[in-house]
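Right, one structure below, let's go through it.
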Amino acid sequence: MHDLESWITEWRKTLMAARHVGRDAADELESHLREHVDLLVRSGMTEAEAFQLAVRQLGSPPAIASEFQKLERGTWWPVRAVAGVGVAAALLLAVFLSSRFETGRSSLLLAIHVFTVTLGYLSVFLLGTLGVCFVGQRCVADFTPIRLQSLSRVSFTFGCVATSLTAIGVVLGTVWARLEWGRYWAWDAKETGGLCVVIWLICFLTLHRVRWVTAGSILLLSVLGNIVVSLAWFGGNLLSEVHSYRAPNYAGLLLAVIASNLVVFLVGLAPAGWLRKAGC
Amino acid sequence: MKLEKELVAASSVALVLSILSEGESYGYAIIQRVKDLSGGQIAWTDGMLYPVLHWLEDQRLVSSRWTKSESGRKRKYYSLQPEGRKLLRQQKKQWTLVSSTLNQLWRPNHA
């Protein structure tokens, strides 16, 4: 049995599935739809007739999305740079790991584990870099709502890629550990670090879906992802014996990364355009 | 007679800014106002107004705020900003020029 609420929910899902229509625009269009349906019902139509007519007069979701798409100008250059670095890193890593696998210095399982975890961590770093660029630009001038909406979509995509790769990597790591060391999980610092990154990313993606969290807050939060991954990647080397890989002492570098990202995060809390207003 | 789609699109910024110069308003009310004023002959596909409103907001020509109506429904109200007033003045001059030129050309005794 259908009712108005379920029709509107379905309609909204279709609208949101068409890219380029943000949550704010969807809320506005839904408010319009409800108001029009009310008016038509008061004029004597049934709810079903009123809903169908109101939807028809509002226009099809792909047509509306296409109009919103026209508003988006070219991609912000840091997004293009970050995406380029990501693709280049994936190719280089694939070449490096395949050569190790072919020469017998690494098993296939280990090579895929290293590939997915490294790219997953790198994606979080790239997302964090985007957050740092966001804070830098915002010090001079605020972002327009349409650009913010577009950046929010990019950060969600990066977050999904990072979550998938890291989660796959962590799972493959447990399988490899079972084969090599006879156990799946031992709360080793590196394993725990990987789990923390996955948890962080799930929280990050969840916040994307929370209504009261703005696109700006999400981008600012992505800066903290740099700290989480630094601790998981390099902090693990300091604490873990099994994953030390003859790594140099990263303690100083790690502290510098944490401190600088905290500073960027705090700067990001200042009002937009504060640097220009201060006359710098 | 319905206005052609292209002409509706071309006049949409001038129409929206003019309505907002009367006071803040929201999408549904703007559409109804245009329909009423034109006797239903200027009619958008309703959803097409919203990208225009978002563009105006993006250009800082209008500002917006969400508020709850007396019936409890959430509405996004738009109001004109100083830059929007400037653009409206320019648009008025341009549309008046087009209108007066066409009026002169279409006078019955025009050669």
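Naming scheme: A, B, ... for chains in displayed order of the structure tokens; residues 1 onward per chain; ligands 1 onward as shown.
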For a quick test of understanding: name the residues of chain A lying within 9 Å of chain B when counting only C-alpha atoms, and present them as JSON, numbers by chain.
{"A": [25, 27, 28, 29, 31, 32, 33, 34, 35, 36, 56, 57, 58, 59, 60, 61, 63, 64, 65, 67, 68, 69, 70, 71, 144, 145, 146, 147]}
Which residues, written as a PyMOL selection string, have at least one atom at most 12 Å from A:Arg80, with only C-alpha atoms counted and residues fewer than 6 positions away on the same chain left out?
chain A and resi 74+86-87+126+130+151+154
Write the selection just made, keeping N, CA, C and O atoms, as an mmCIF file, in the first residue's frame?
data_model
loop_
_atom_site.group_PDB
_atom_site.id
_atom_site.type_symbol
_atom_site.label_atom_id
_atom_site.label_comp_id
_atom_site.auth_asym_id
_atom_site.auth_seq_id
_atom_site.Cartn_x
_atom_site.Cartn_y
_atom_site.Cartn_z
ATOM 1 N N GLY A 74 34.689 24.736 -13.961
ATOM 2 C CA GLY A 74 35.779 23.756 -14.047
ATOM 3 C C GLY A 74 36.196 23.228 -12.680
ATOM 4 O O GLY A 74 35.969 23.877 -11.659
ATOM 5 N N GLY A 86 47.306 10.571 -7.249
ATOM 6 C CA GLY A 86 46.735 9.271 -6.886
ATOM 7 C C GLY A 86 46.909 8.245 -8.002
ATOM 8 O O GLY A 86 47.348 7.116 -7.756
ATOM 9 N N VAL A 87 46.581 8.649 -9.224
ATOM 10 C CA VAL A 87 46.686 7.720 -10.366
ATOM 11 C C VAL A 87 48.156 7.354 -10.606
ATOM 12 O O VAL A 87 48.495 6.177 -10.799
ATOM 13 N N LEU A 126 45.775 12.112 0.476
ATOM 14 C CA LEU A 126 45.376 13.015 -0.608
ATOM 15 C C LEU A 126 44.107 13.788 -0.232
ATOM 16 O O LEU A 126 43.980 14.975 -0.514
ATOM 17 N N LEU A 130 43.751 17.807 0.226
ATOM 18 C CA LEU A 130 42.641 18.608 -0.304
ATOM 19 C C LEU A 130 42.069 19.495 0.821
ATOM 20 O O LEU A 130 41.750 20.667 0.598
ATOM 21 N N LEU A 151 32.991 20.048 -4.012
ATOM 22 C CA LEU A 151 34.127 19.525 -3.241
ATOM 23 C C LEU A 151 33.681 18.447 -2.252
ATOM 24 O O LEU A 151 34.396 17.467 -2.014
ATOM 25 N N VAL A 154 33.452 15.301 -4.109
ATOM 26 C CA VAL A 154 34.788 14.748 -4.401
ATOM 27 C C VAL A 154 35.343 14.067 -3.145
ATOM 28 O O VAL A 154 35.880 12.954 -3.213
#
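Taking atom CA of A:Ala162 and atom CA of A:Ser123 as the two end points, the separation is 5.2 Å.
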Backbone DSSP call of helix (DSSP H, G or I) for chain B, listed as number ranges by chain
B: 5-20, 27-37, 46-58, 82-105
Which residues, written as a ChimeraX atom specification, have at least one atom at most 9 Å from stretch 249-262 of chain A, with only C-alpha atoms counted and residues fewer than 6 positions away on the same chain left out?
/A:128,132,223-224,226-228,230-231,234-235,237-238
So that I can see what lies close to B:Glu22, please list as a ChimeraX atom specification the residues with an atom at most 12 Å from it, counting only C-alpha atoms and leaving out residues fewer than 2 positions away in the same chain.
/B:15-20,24-25,30,33,78-80,85
Could you tell me how far atom CA of A:Leu39 lies from atom CA of B:Gly40, in Å and to one decimal?
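These two atoms are separated by 16.5 Å.
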Calculate how many Å separate atom CA of A:Leu122 from atom CA of A:Ile168, rounding to one decimal.
14.4 Å
Excluding same-chain residues fewer than 4 positions from A:Lys277, what lies within 12 Å of it counting only C-alpha atoms, as a list of chain:residue names?
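Counting only the stated atoms, we get A:Arg138, A:Cys139, A:Val140, A:Ala141, A:Asp142, A:Ala270, A:Pro271, A:Ala272, A:Gly273.
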From chain B, collect each residue whose DSSP state is strand (DSSP E) and return the set as a PyMOL selection string.
chain B and resi 25-26+62-68+74-80
Write out as a PDB file with C-alpha atoms, in the first residue's frame the residues lying within 10 Å of A:Tyr184, counting only C-alpha atoms and excluding same-chain residues fewer than 3 positions away.
ATOM      1  CA  VAL A 171      41.380  -8.268   5.512  1.00  0.00           C
ATOM      2  CA  LEU A 172      44.037  -9.603   3.111  1.00  0.00           C
ATOM      3  CA  GLY A 173      46.649  -8.817   5.754  1.00  0.00           C
ATOM      4  CA  THR A 174      44.853 -11.033   8.271  1.00  0.00           C
ATOM      5  CA  VAL A 175      44.707 -13.899   5.739  1.00  0.00           C
ATOM      6  CA  TRP A 176      48.412 -13.489   4.954  1.00  0.00           C
ATOM      7  CA  ALA A 177      49.242 -13.384   8.712  1.00  0.00           C
ATOM      8  CA  ARG A 178      47.306 -16.643   9.189  1.00  0.00           C
ATOM      9  CA  LEU A 179      49.313 -18.332   6.430  1.00  0.00           C
ATOM     10  CA  GLU A 180      52.706 -16.949   7.478  1.00  0.00           C
ATOM     11  CA  TRP A 181      52.455 -16.554  11.243  1.00  0.00           C
ATOM     12  CA  TRP A 187      46.468  -6.452  17.907  1.00  0.00           C
TER      13      TRP A 187
END
Find the residues near A:Tyr121: any atom within 12 Å, counting only C-alpha atoms, skip ones fewer than 6 places away on the same chain, and give them as JSON, numbers by chain.
{"A": [86, 89, 90, 114, 115, 127, 128, 158, 159, 161, 162, 163, 164, 165, 166, 167, 168, 169, 170, 193, 194, 195, 196, 197, 198, 200, 201, 225, 226, 227, 228, 229, 230, 231, 232, 233, 234]}
